[in-house]
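Chemist: Sharing target04.txt below, compact mmCIF, C-alpha atoms:
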```
# COMPACT_ATOMS: atom_id res chain seq x y z
CA MET A 1 16.57 7.01 -1.58
CA ASN A 2 16.75 7.31 -5.36
CA GLN A 3 18.15 10.21 -7.39
CA LEU A 4 14.68 11.64 -8.02
CA LEU A 5 14.19 12.10 -4.27
CA ILE A 6 17.61 13.71 -3.82
CA SER A 7 17.04 16.20 -6.62
CA THR A 8 13.58 17.06 -5.37
CA LEU A 9 14.71 17.69 -1.82
CA SER A 10 17.67 19.80 -2.95
CA ARG A 11 15.92 22.16 -5.33
CA LYS A 12 13.51 24.93 -4.42
CA GLN A 13 10.31 24.60 -6.37
CA LYS A 14 8.05 27.37 -7.46
CA LYS A 15 4.68 26.26 -6.17
CA LYS A 16 2.07 25.49 -8.80
CA TYR A 17 -1.29 24.34 -7.55
CA MET A 18 -2.91 21.68 -9.67
CA LYS A 19 -6.24 19.96 -10.06
CA ILE A 20 -5.60 16.23 -9.75
CA ALA A 21 -8.00 13.34 -10.36
CA ILE A 22 -7.02 10.16 -8.49
CA VAL A 23 -8.41 6.75 -9.47
CA CYS A 24 -7.88 3.91 -7.01
CA TYR A 25 -9.50 1.00 -5.22
CA PRO A 26 -11.32 2.33 -2.13
CA THR A 27 -10.49 -0.67 0.07
CA PHE A 28 -8.17 -1.57 2.95
CA GLY A 29 -5.56 -2.82 0.46
CA GLY A 30 -2.17 -1.12 0.25
CA SER A 31 -2.71 0.59 -3.11
CA GLY A 32 -5.98 2.16 -1.98
CA VAL A 33 -4.48 3.35 1.30
CA VAL A 34 -1.44 4.87 -0.42
CA ALA A 35 -3.53 6.58 -3.10
CA THR A 36 -5.90 8.03 -0.51
CA GLU A 37 -3.13 9.26 1.79
CA LEU A 38 -1.35 10.76 -1.22
CA GLY A 39 -4.48 12.67 -2.22
CA ILE A 40 -4.99 13.96 1.30
CA ALA A 41 -1.36 15.09 1.50
CA LEU A 42 -1.59 16.83 -1.88
CA SER A 43 -4.68 18.71 -0.73
CA LYS A 44 -2.83 19.90 2.37
CA ARG A 45 -0.14 21.27 0.05
CA GLY A 46 -2.74 23.38 -1.75
CA HIS A 47 -3.78 21.16 -4.65
CA GLU A 48 -7.39 20.33 -5.52
CA VAL A 49 -7.91 16.57 -5.44
CA HIS A 50 -10.79 14.58 -6.94
CA PHE A 51 -11.13 10.89 -6.00
CA VAL A 52 -12.98 8.86 -8.64
CA THR A 53 -13.97 5.33 -7.62
CA TYR A 54 -16.99 3.14 -6.87
CA LYS A 55 -17.25 4.09 -3.18
CA GLN A 56 -15.63 6.52 -0.76
CA PRO A 57 -12.13 5.28 0.18
CA VAL A 58 -11.91 3.86 3.71
CA ARG A 59 -9.11 6.28 4.68
CA LEU A 60 -11.00 9.30 3.35
CA ALA A 61 -12.81 10.46 6.47
CA LEU A 62 -13.55 14.07 5.57
CA LEU A 63 -14.25 16.02 2.40
CA ASN A 64 -13.52 19.74 2.06
CA GLU A 65 -13.04 22.47 -0.53
CA ARG A 66 -9.87 20.79 -1.80
CA ILE A 67 -10.93 17.12 -1.50
CA HIS A 68 -13.81 15.78 -3.57
CA PHE A 69 -15.24 12.31 -4.11
CA HIS A 70 -17.05 11.21 -7.26
CA GLU A 71 -18.81 7.86 -7.17
CA VAL A 72 -18.74 5.64 -10.24
CA ASN A 73 -22.11 3.96 -10.71
CA VAL A 74 -22.37 0.97 -13.01
CA PRO A 75 -25.89 0.64 -14.47
CA ASP A 76 -27.25 -2.90 -14.20
CA TYR A 77 -28.15 -3.94 -17.74
CA PRO A 78 -29.46 -7.51 -18.26
CA LEU A 79 -27.63 -7.52 -21.59
CA PHE A 80 -24.27 -7.74 -19.79
CA HIS A 81 -23.27 -10.93 -18.01
CA TYR A 82 -20.55 -8.88 -16.27
CA GLN A 83 -21.25 -5.18 -15.75
CA PRO A 84 -18.67 -2.99 -17.60
CA TYR A 85 -16.90 -1.05 -14.83
CA GLU A 86 -14.14 0.18 -17.15
CA LEU A 87 -16.74 1.75 -19.45
CA ALA A 88 -18.52 3.45 -16.54
CA LEU A 89 -15.22 4.67 -15.09
CA SER A 90 -13.89 6.11 -18.35
CA SER A 91 -17.18 7.92 -19.01
CA LYS A 92 -17.16 9.32 -15.47
CA LEU A 93 -13.59 10.51 -15.89
CA VAL A 94 -14.47 12.38 -19.07
CA ARG A 95 -17.25 14.25 -17.25
CA ILE A 96 -15.12 15.03 -14.18
CA ILE A 97 -12.11 16.19 -16.19
CA LYS A 98 -14.23 18.51 -18.32
CA LYS A 99 -16.36 19.87 -15.50
CA HIS A 100 -13.53 20.55 -13.05
CA LYS A 101 -10.79 21.32 -15.59
CA ILE A 102 -8.50 18.62 -14.25
CA ASP A 103 -4.77 19.09 -14.92
CA ILE A 104 -3.46 15.61 -14.09
CA LEU A 105 -5.02 12.15 -14.04
CA HIS A 106 -3.25 9.81 -11.59
CA VAL A 107 -4.39 6.20 -11.72
CA HIS A 108 -3.31 3.51 -9.27
CA TYR A 109 -3.22 -0.01 -10.75
CA ALA A 110 -2.70 -0.74 -14.42
CA ILE A 111 -5.86 -2.82 -14.82
CA PRO A 112 -8.54 -1.63 -14.96
CA HIS A 113 -7.66 1.95 -14.04
CA ALA A 114 -4.94 2.82 -16.56
CA TYR A 115 -6.96 1.08 -19.25
CA ALA A 116 -10.04 3.18 -18.40
CA GLY A 117 -7.88 6.29 -18.10
CA TYR A 118 -6.52 5.78 -21.60
CA MET A 119 -10.05 5.46 -23.01
CA ALA A 120 -11.03 8.69 -21.25
CA LYS A 121 -7.95 10.46 -22.68
CA GLU A 122 -8.85 9.34 -26.20
CA MET A 123 -12.43 10.56 -25.87
CA LEU A 124 -11.22 13.92 -24.55
CA LYS A 125 -8.68 14.19 -27.35
CA GLU A 126 -11.56 14.28 -29.81
CA GLU A 127 -12.59 17.55 -28.12
CA GLY A 128 -9.07 18.99 -28.13
CA ILE A 129 -8.47 18.29 -24.44
CA HIS A 130 -5.19 16.68 -23.39
CA VAL A 131 -4.82 15.48 -19.80
CA PRO A 132 -1.55 13.68 -18.92
CA MET A 133 -1.97 10.36 -17.15
CA VAL A 134 0.35 9.12 -14.41
CA THR A 135 0.11 5.38 -13.71
CA THR A 136 1.41 3.95 -10.44
CA LEU A 137 2.10 0.22 -10.35
CA HIS A 138 1.54 -1.32 -6.93
CA GLY A 139 2.24 -5.02 -7.30
CA THR A 140 -0.54 -7.51 -7.88
CA ASP A 141 -1.58 -5.61 -11.00
CA ILE A 142 1.79 -6.74 -12.35
CA THR A 143 2.85 -9.91 -10.56
CA LEU A 144 -0.54 -11.66 -10.39
CA VAL A 145 -3.28 -10.14 -12.56
CA GLY A 146 -1.12 -8.54 -15.21
CA SER A 147 1.21 -11.47 -15.75
CA HIS A 148 -1.67 -13.76 -16.72
CA PRO A 149 -1.52 -14.33 -20.50
CA PHE A 150 -5.16 -13.26 -20.80
CA TYR A 151 -4.43 -9.76 -19.44
CA ARG A 152 -0.81 -9.23 -20.48
CA PRO A 153 -1.52 -7.37 -23.75
CA ALA A 154 -3.92 -4.94 -22.04
CA VAL A 155 -1.47 -4.31 -19.19
CA SER A 156 1.44 -3.65 -21.57
CA PHE A 157 -0.72 -1.36 -23.68
CA SER A 158 -1.98 0.60 -20.67
CA ILE A 159 1.50 1.13 -19.24
CA ASN A 160 3.01 2.17 -22.55
CA LYS A 161 0.16 4.62 -23.22
CA SER A 162 0.68 6.33 -19.86
CA ASP A 163 2.51 9.66 -19.88
CA VAL A 164 4.40 8.83 -16.68
CA VAL A 165 4.82 5.44 -15.01
CA THR A 166 5.92 4.91 -11.42
CA SER A 167 6.46 1.78 -9.34
CA VAL A 168 6.58 1.58 -5.55
CA SER A 169 9.89 -0.31 -5.41
CA GLU A 170 12.96 -1.21 -7.43
CA SER A 171 11.87 -4.85 -7.18
CA LEU A 172 8.51 -4.12 -8.79
CA LYS A 173 10.18 -2.09 -11.54
CA THR A 174 12.43 -5.06 -12.30
CA ASP A 175 9.45 -7.43 -12.38
CA THR A 176 7.54 -5.13 -14.70
CA LEU A 177 10.39 -4.86 -17.18
CA ARG A 178 10.89 -8.62 -17.02
CA LEU A 179 7.25 -9.58 -17.53
CA PHE A 180 6.20 -7.00 -20.12
CA ASP A 181 7.47 -5.29 -23.24
CA ILE A 182 7.64 -1.80 -21.75
CA THR A 183 8.76 1.20 -23.77
CA ARG A 184 8.11 3.81 -21.06
CA HIS A 185 10.67 4.86 -18.46
CA ILE A 186 9.62 3.79 -14.96
CA ASP A 187 10.35 6.08 -12.01
CA VAL A 188 10.61 4.45 -8.59
CA VAL A 189 8.61 6.41 -6.04
CA PRO A 190 8.38 4.40 -2.81
CA ASN A 191 5.35 4.11 -0.60
CA PHE A 192 5.33 6.39 2.41
CA ILE A 193 4.21 6.89 5.96
CA ASP A 194 3.04 9.98 7.84
CA MET A 195 5.45 10.29 10.75
CA GLU A 196 3.47 13.13 12.32
CA ALA A 197 0.29 11.07 12.36
CA THR A 198 2.06 8.36 14.33
CA ASN A 199 3.41 10.74 16.96
CA HIS A 200 0.43 9.68 19.01
CA GLU A 201 -0.22 10.73 22.55
CA PHE A 202 -1.07 7.29 23.90
CA THR A 203 -0.22 7.32 27.59
CA ASP A 204 -1.68 3.83 27.97
CA CYS A 205 -1.67 1.40 25.05
CA GLN A 206 -3.96 -0.88 27.07
CA ARG A 207 -1.71 -3.89 26.63
CA ASP A 208 -3.57 -5.60 29.44
CA LEU A 209 -6.60 -5.97 27.15
CA MET A 210 -4.58 -8.28 24.90
CA ALA A 211 -1.88 -9.89 27.02
CA HIS A 212 -0.45 -10.36 30.47
CA GLU A 213 2.40 -8.12 31.57
CA ASN A 214 5.05 -10.82 31.00
CA GLU A 215 3.82 -11.75 27.50
CA ARG A 216 5.20 -10.45 24.22
CA ILE A 217 2.63 -9.37 21.63
CA ILE A 218 3.21 -10.48 18.03
CA THR A 219 1.05 -9.03 15.25
CA HIS A 220 0.18 -9.83 11.65
CA ILE A 221 -1.91 -7.52 9.43
CA SER A 222 -3.01 -8.41 5.90
CA ASN A 223 -5.88 -9.33 3.59
CA PHE A 224 -5.38 -13.03 4.40
CA ARG A 225 -4.74 -14.17 0.84
CA LYS A 226 -2.57 -17.18 -0.05
CA VAL A 227 0.32 -14.93 -1.05
CA LYS A 228 0.54 -13.73 2.58
CA ARG A 229 1.30 -17.29 3.78
CA ILE A 230 -1.01 -17.06 6.77
CA GLN A 231 -0.22 -20.63 7.81
CA ASP A 232 3.45 -19.63 8.16
CA VAL A 233 2.40 -16.87 10.57
CA ILE A 234 0.68 -19.45 12.77
CA GLU A 235 3.59 -21.90 12.59
CA VAL A 236 6.19 -19.25 13.42
CA PHE A 237 4.17 -18.07 16.38
CA TYR A 238 3.67 -21.64 17.60
CA ARG A 239 7.45 -22.11 17.81
CA VAL A 240 7.95 -18.74 19.50
CA GLN A 241 5.35 -19.34 22.22
CA LEU A 242 7.05 -22.63 23.10
CA GLU A 243 10.12 -20.60 24.14
CA LEU A 244 8.60 -17.51 25.77
CA PRO A 245 5.16 -16.20 26.86
CA ALA A 246 3.43 -14.56 23.90
CA LYS A 247 0.14 -13.65 22.24
CA LEU A 248 -0.61 -13.37 18.51
CA LEU A 249 -2.95 -10.75 17.05
CA MET A 250 -4.28 -11.50 13.55
CA VAL A 251 -5.72 -8.36 11.95
CA GLY A 252 -7.65 -8.51 8.67
CA GLU A 253 -10.10 -10.59 6.70
CA GLY A 254 -9.73 -12.87 3.72
CA PRO A 255 -10.05 -16.36 2.27
CA GLU A 256 -7.28 -17.87 4.43
CA ARG A 257 -8.76 -16.89 7.78
CA GLU A 258 -10.90 -20.01 8.23
CA ASP A 259 -7.98 -22.38 7.63
CA ALA A 260 -5.83 -20.32 9.99
CA GLU A 261 -8.41 -20.57 12.75
CA GLN A 262 -8.59 -24.32 12.20
CA ARG A 263 -4.81 -24.65 12.46
CA VAL A 264 -4.82 -22.67 15.70
CA LYS A 265 -7.32 -25.19 17.12
CA GLU A 266 -5.22 -28.15 15.96
CA LEU A 267 -2.15 -26.70 17.68
CA GLY A 268 -4.08 -26.05 20.90
CA ILE A 269 -3.19 -22.37 21.08
CA GLU A 270 -6.67 -20.82 20.84
CA ASP A 271 -6.11 -18.98 24.13
CA LYS A 272 -3.00 -17.32 22.69
CA VAL A 273 -4.31 -16.14 19.31
CA ARG A 274 -6.90 -13.43 18.65
CA PHE A 275 -8.49 -12.80 15.24
CA LEU A 276 -9.54 -9.14 15.21
CA GLY A 277 -10.91 -8.75 11.65
CA ASN A 278 -10.46 -5.51 9.72
CA SER A 279 -9.66 -2.49 11.85
CA ASN A 280 -9.32 1.27 11.50
CA GLU A 281 -7.22 1.33 14.69
CA ILE A 282 -4.00 -0.07 13.28
CA ASP A 283 -1.80 2.44 15.11
CA LYS A 284 -3.44 1.55 18.43
CA ILE A 285 -2.85 -2.16 17.78
CA LEU A 286 0.75 -1.58 16.77
CA CYS A 287 1.26 0.64 19.81
CA PHE A 288 1.24 -2.39 22.08
CA SER A 289 2.89 -4.80 19.62
CA ASP A 290 6.42 -6.05 20.15
CA LEU A 291 6.99 -7.79 16.82
CA PHE A 292 5.43 -7.92 13.34
CA LEU A 293 5.33 -11.05 11.14
CA LEU A 294 5.28 -10.74 7.35
CA PRO A 295 6.27 -14.10 5.75
CA SER A 296 4.72 -13.25 2.36
CA GLU A 297 5.50 -15.14 -0.81
CA ALA A 298 5.47 -11.86 -2.73
CA GLU A 299 5.35 -8.18 -1.75
CA SER A 300 5.90 -5.30 -4.14
CA PHE A 301 6.88 -3.01 -1.27
CA GLY A 302 5.82 -4.16 2.19
CA LEU A 303 3.65 -1.28 3.36
CA ALA A 304 2.45 -3.27 6.37
CA ALA A 305 6.07 -3.63 7.47
CA LEU A 306 6.60 0.12 7.15
CA GLU A 307 3.46 0.83 9.20
CA ALA A 308 4.80 -1.47 11.89
CA MET A 309 8.25 0.10 11.86
CA VAL A 310 6.97 3.65 12.21
CA ASN A 311 5.22 2.45 15.38
CA GLU A 312 8.54 1.09 16.71
CA VAL A 313 7.71 -2.52 15.90
CA PRO A 314 10.57 -4.62 14.46
CA VAL A 315 9.73 -6.96 11.58
CA ILE A 316 10.36 -10.65 10.93
CA SER A 317 9.74 -11.15 7.22
CA SER A 318 10.55 -13.05 4.09
CA ASN A 319 13.07 -11.57 1.67
CA ALA A 320 10.50 -11.46 -1.14
CA GLY A 321 10.06 -8.60 -3.60
CA GLY A 322 10.49 -5.10 -2.20
CA ILE A 323 10.52 -6.07 1.49
CA PRO A 324 14.34 -5.87 1.78
CA GLU A 325 14.09 -2.25 0.61
CA VAL A 326 12.10 -1.53 3.78
CA ASN A 327 13.06 -4.10 6.43
CA ILE A 328 16.83 -4.00 6.87
CA ASP A 329 18.21 -7.37 7.94
CA GLY A 330 19.77 -7.28 11.39
CA VAL A 331 18.77 -3.64 11.89
CA THR A 332 14.99 -3.24 11.84
CA GLY A 333 14.31 -6.97 12.03
CA TYR A 334 15.38 -10.03 10.09
CA LEU A 335 14.87 -11.46 6.61
CA SER A 336 14.47 -15.17 5.81
CA ASN A 337 13.83 -17.17 2.67
CA VAL A 338 10.16 -17.69 1.85
CA GLY A 339 8.82 -20.65 3.82
CA ASN A 340 11.77 -20.90 6.23
CA ILE A 341 9.62 -21.07 9.35
CA ALA A 342 12.42 -22.30 11.60
CA ASP A 343 14.67 -19.36 10.75
CA MET A 344 11.87 -16.84 11.21
CA ALA A 345 10.99 -18.29 14.60
CA GLN A 346 14.62 -18.30 15.71
CA ASN A 347 15.04 -14.67 14.67
CA ALA A 348 11.83 -13.68 16.43
CA ILE A 349 13.01 -15.29 19.66
CA ARG A 350 16.40 -13.57 19.29
CA ILE A 351 14.68 -10.17 19.31
CA LEU A 352 12.01 -10.87 21.92
CA GLN A 353 13.86 -12.77 24.63
CA ASP A 354 15.93 -9.79 25.78
CA GLY A 355 14.42 -6.41 26.65
CA LYS A 356 17.53 -4.45 25.70
CA THR A 357 17.76 -6.12 22.30
CA LEU A 358 14.07 -5.50 21.68
CA ARG A 359 14.48 -1.81 22.55
CA THR A 360 17.37 -1.46 20.09
CA PHE A 361 15.37 -2.99 17.25
CA LYS A 362 12.36 -0.81 18.09
CA ASP A 363 14.47 2.35 17.92
CA ASN A 364 16.09 1.23 14.66
CA ALA A 365 12.68 0.50 13.12
CA ARG A 366 11.35 3.99 13.81
CA ARG A 367 14.54 5.64 12.56
CA GLU A 368 14.59 3.68 9.28
CA ALA A 369 10.87 4.37 8.71
CA ALA A 370 11.57 8.11 8.84
CA LYS A 371 13.30 7.84 5.44
CA PHE A 372 9.87 7.11 3.96
CA ASP A 373 8.12 10.06 5.60
CA ILE A 374 5.31 11.48 3.48
CA HIS A 375 7.00 14.91 3.41
CA ASN A 376 9.94 13.33 1.57
CA ILE A 377 7.87 11.33 -0.92
CA VAL A 378 4.96 13.56 -1.97
CA PRO A 379 7.29 16.15 -3.57
CA LEU A 380 8.44 13.37 -5.92
CA TYR A 381 4.94 13.09 -7.32
CA GLU A 382 4.61 16.87 -7.54
CA GLU A 383 7.83 17.03 -9.55
CA LEU A 384 6.58 14.37 -11.96
CA TYR A 385 3.24 16.16 -12.34
CA GLU A 386 4.96 19.47 -13.08
CA LYS A 387 7.40 17.89 -15.50
CA VAL A 388 4.69 16.20 -17.55
CA LEU A 389 2.62 19.39 -17.65
CA VAL A 390 5.56 21.50 -18.81
CA ASN A 391 6.93 19.05 -21.34
CA LYS A 392 3.54 17.84 -22.60
CA VAL A 393 4.83 14.27 -22.53
CA GLY A 394 2.69 11.99 -24.68
CA SER A 395 0.79 14.80 -26.35
```
So, in terms of structure tokens, how does the structure I just supplied come out?
Modeler:
Amino acid sequence: MNQLLISTLSRKQKKKYMKIAIVCYPTFGGSGVVATELGIALSKRGHEVHFVTYKQPVRLALLNERIHFHEVNVPDYPLFHYQPYELALSSKLVRIIKKHKIDILHVHYAIPHAYAGYMAKEMLKEEGIHVPMVTTLHGTDITLVGSHPFYRPAVSFSINKSDVVTSVSESLKTDTLRLFDITRHIDVVPNFIDMEATNHEFTDCQRDLMAHENERIITHISNFRKVKRIQDVIEVFYRVQLELPAKLLMVGEGPEREDAEQRVKELGIEDKVRFLGNSNEIDKILCFSDLFLLPSEAESFGLAALEAMVNEVPVISSNAGGIPEVNIDGVTGYLSNVGNIADMAQNAIRILQDGKTLRTFKDNARREAAKFDIHNIVPLYEELYEKVLVNKVGS
């Protein structure tokens, strides 16, 4: 853990309840999940949280007196070929901040959220209202979207105009500083997991619904984009099932699913692979999983790996981006170079072929995941919020 975490855990804070507006994508993607879980955790710690996005986040099941959702509607004007979401979002933020007397604006993703947040701050400044903006960088806003020459100036501007900038891994911080001309300090605040929420009471994981008693269950969960290297998942599994009885569960939806299904047919393993689509029962699926595959070409953090580990599922992954900060080679699983299917398959077999070895890796995975417990990470954000409010950074 970084120095910010150590200092936060060691000092006793005087509690100050804040009104926090959170802007995020409301989807199954990692940034949306993290932003939503962060908001929920902040509300449980006494803060008033306002989610501002175009639909209710998928992980936001209940609203209460400390959790509010404000929908951003984009009027459909024939004049615009592409409807201006940033304009609608910034205008909505101005209204929400004024009406609810928001203390902190926390945006997840540089584009378009930090850009819209900056516009809202400038409009409010005209009325003598200063609201600090915290921008959290999650990955594709930097490594894919932001690094495109068309967007680079807007991304750099948005980051530099933020009052506080955080990234979810050291790897992403390095990428950001390499790709952009950044003048702001970047704090690393890792993604997190709720250990208490995964202390489930499953007495029967219903493995028999997915596999026979002698079969190992291997799982992959993602948005099925090219960067996830879905074909590598299939190829690794194919080699594993040649050596020991196994089933593969593919959870998620995305553009690479059709090609993956076709490859499964070509390999003649349709009876061993199940495509489950998007699911809100990830913990239940991971409950009966023995191994998790994450061969991604790029990952800013590897939240899917962390979710697997907290459910006692060891991880076979690439060594891309921030994954090595989560999946410890030889301890919670194994790391391989991107595209090294043979090595990934060999490592998977090494873990799965012996019950005692598998049990050791499962225990290690859960223990390492505990370092990223939400109760350790949320205070980091609270400290940053309090610091920016006290010091009036950027005002």
Chemist: Neighbours of region 226-238 of chain A within 6 Å (all atoms listed in the file; same-chain residues fewer than 4 positions away dropped), as a compact mmCIF listing (two decimals) with C-alpha atoms, in the frame of the given file?
Modeler:
```
# COMPACT_ATOMS: atom_id res chain seq x y z
CA SER A 296 4.72 -13.25 2.36
CA GLU A 297 5.50 -15.14 -0.81
CA ILE A 341 9.62 -21.07 9.35
CA ALA A 345 10.99 -18.29 14.60
```
Chemist: So which residues touch Tyr381 (chain A) within 12 Å, counting all atoms listed in the file, skipping near sequence neighbours fewer than 5 positions away, as a PyMOL selection string?
Modeler: chain A and resi 4-5+8+18+20+35+38-39+41-42+104+106+134-136+164-168+187-192+374-376+386-388
Chemist: What separation in Å, quoted to one decimal, exists between CA of Pro245 (chain A) and CA of Asn214 (chain A)?
Modeler: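 Separation between CA of Pro245 (chain A) and CA of Asn214 (chain A): 6.8 Å.
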Chemist: Can you pull out the residues contacting Thr357 (chain A)? Cut-off 12 Å, using only C-alpha atoms, and skip same-chain residues under 3 positions away; I want them as a PyMOL selection string.
Modeler: chain A and resi 290+314+330-333+347-354+360-364
Chemist: Of the residues A:Lys16, A:His130, A:Arg207, A:His212, which is the one nearest to Ser289 (chain A), using only C-alpha atoms?
Modeler: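 Looking only at the distances to Ser289 (chain A), the closest residue turns out to be A:Arg207.
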Chemist: Within 8 Å of Tyr334 (chain A), counting all atoms listed in the file, which residues show up once you throw out same-chain ones fewer than 3 positions away? Write them as a PyMOL selection string, please.
Modeler: chain A and resi 315-317+327-331+344+347
Chemist: So, counting only C-alpha atoms, which residue among A:Ile22, A:Leu63, A:Val240, A:Leu286 is closest to Val107 (chain A)?
Modeler: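 Among A:Ile22, A:Leu63, A:Val240, A:Leu286, it is A:Ile22 that comes nearest to Val107 (chain A).
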Chemist: Which distance in Å separates CA of Arg66 (chain A) and CA of Asp283 (chain A), to one decimal?
Modeler: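 Between CA of Arg66 (chain A) and CA of Asp283 (chain A) the gap works out to 26.2 Å.
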Chemist: Could you give me the centre and size, in Å to one decimal, of an axis-aligned box around all listed atoms of region 207-217 of chain A with 6 Å added on every side, as lines of an AutoDock Vina configuration file?
Modeler:
```
center_x = -0.7
center_y = -7.8
center_z = 26.6
size_x = 23.8
size_y = 19.9
size_z = 21.9
```
Chemist: Grab the CA of Lys371 (chain A) to CA of Ile323 (chain A) distance for me, in Å with one decimal place.
Modeler: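 Rounded to one decimal, the two atoms are 14.7 Å apart.
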Chemist: May I have the residues within 12 Å of Ala120 (chain A) as JSON, numbers by chain, using all atoms listed in the file and disregarding those fewer than 3 positions away in the same chain?
Modeler: {"A": [86, 87, 88, 89, 90, 91, 92, 93, 94, 95, 96, 97, 98, 105, 107, 113, 114, 115, 116, 117, 123, 124, 125, 126, 127, 129, 130, 131, 132, 133]}
Chemist: Restrict the selected residues to C-alpha atoms and save them as a tab-separated table (two decimals), keeping the file's coordinate frame.
Modeler:
```tsv
chain	number	residue	atom	x	y	z
A	86	GLU	CA	-14.14	0.18	-17.15
A	87	LEU	CA	-16.74	1.75	-19.45
A	88	ALA	CA	-18.52	3.45	-16.54
A	89	LEU	CA	-15.22	4.67	-15.09
A	90	SER	CA	-13.89	6.11	-18.35
A	91	SER	CA	-17.18	7.92	-19.01
A	92	LYS	CA	-17.16	9.32	-15.47
A	93	LEU	CA	-13.59	10.51	-15.89
A	94	VAL	CA	-14.47	12.38	-19.07
A	95	ARG	CA	-17.25	14.25	-17.25
A	96	ILE	CA	-15.12	15.03	-14.18
A	97	ILE	CA	-12.11	16.19	-16.19
A	98	LYS	CA	-14.23	18.51	-18.32
A	105	LEU	CA	-5.02	12.15	-14.04
A	107	VAL	CA	-4.39	6.20	-11.72
A	113	HIS	CA	-7.66	1.95	-14.04
A	114	ALA	CA	-4.94	2.82	-16.56
A	115	TYR	CA	-6.96	1.08	-19.25
A	116	ALA	CA	-10.04	3.18	-18.40
A	117	GLY	CA	-7.88	6.29	-18.10
A	123	MET	CA	-12.43	10.56	-25.87
A	124	LEU	CA	-11.22	13.92	-24.55
A	125	LYS	CA	-8.68	14.19	-27.35
A	126	GLU	CA	-11.56	14.28	-29.81
A	127	GLU	CA	-12.59	17.55	-28.12
A	129	ILE	CA	-8.47	18.29	-24.44
A	130	HIS	CA	-5.19	16.68	-23.39
A	131	VAL	CA	-4.82	15.48	-19.80
A	132	PRO	CA	-1.55	13.68	-18.92
A	133	MET	CA	-1.97	10.36	-17.15
```
Chemist: Using all atoms listed in the file, can you tell me which of A:Glu65, A:Tyr17, A:Ile221, A:Gly339 comes closest to Gly46 (chain A)?
Modeler: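 Closest to Gly46 (chain A), using all atoms listed in the file: A:Tyr17.
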Chemist: From the list A:Asp76, A:Glu48, A:Asp175, A:Asp181, which residue is nearest Ser158 (chain A) when using all atoms listed in the file?
Modeler: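 Of A:Asp76, A:Glu48, A:Asp175, A:Asp181, the one nearest Ser158 (chain A) is A:Asp181, counting all atoms listed in the file.
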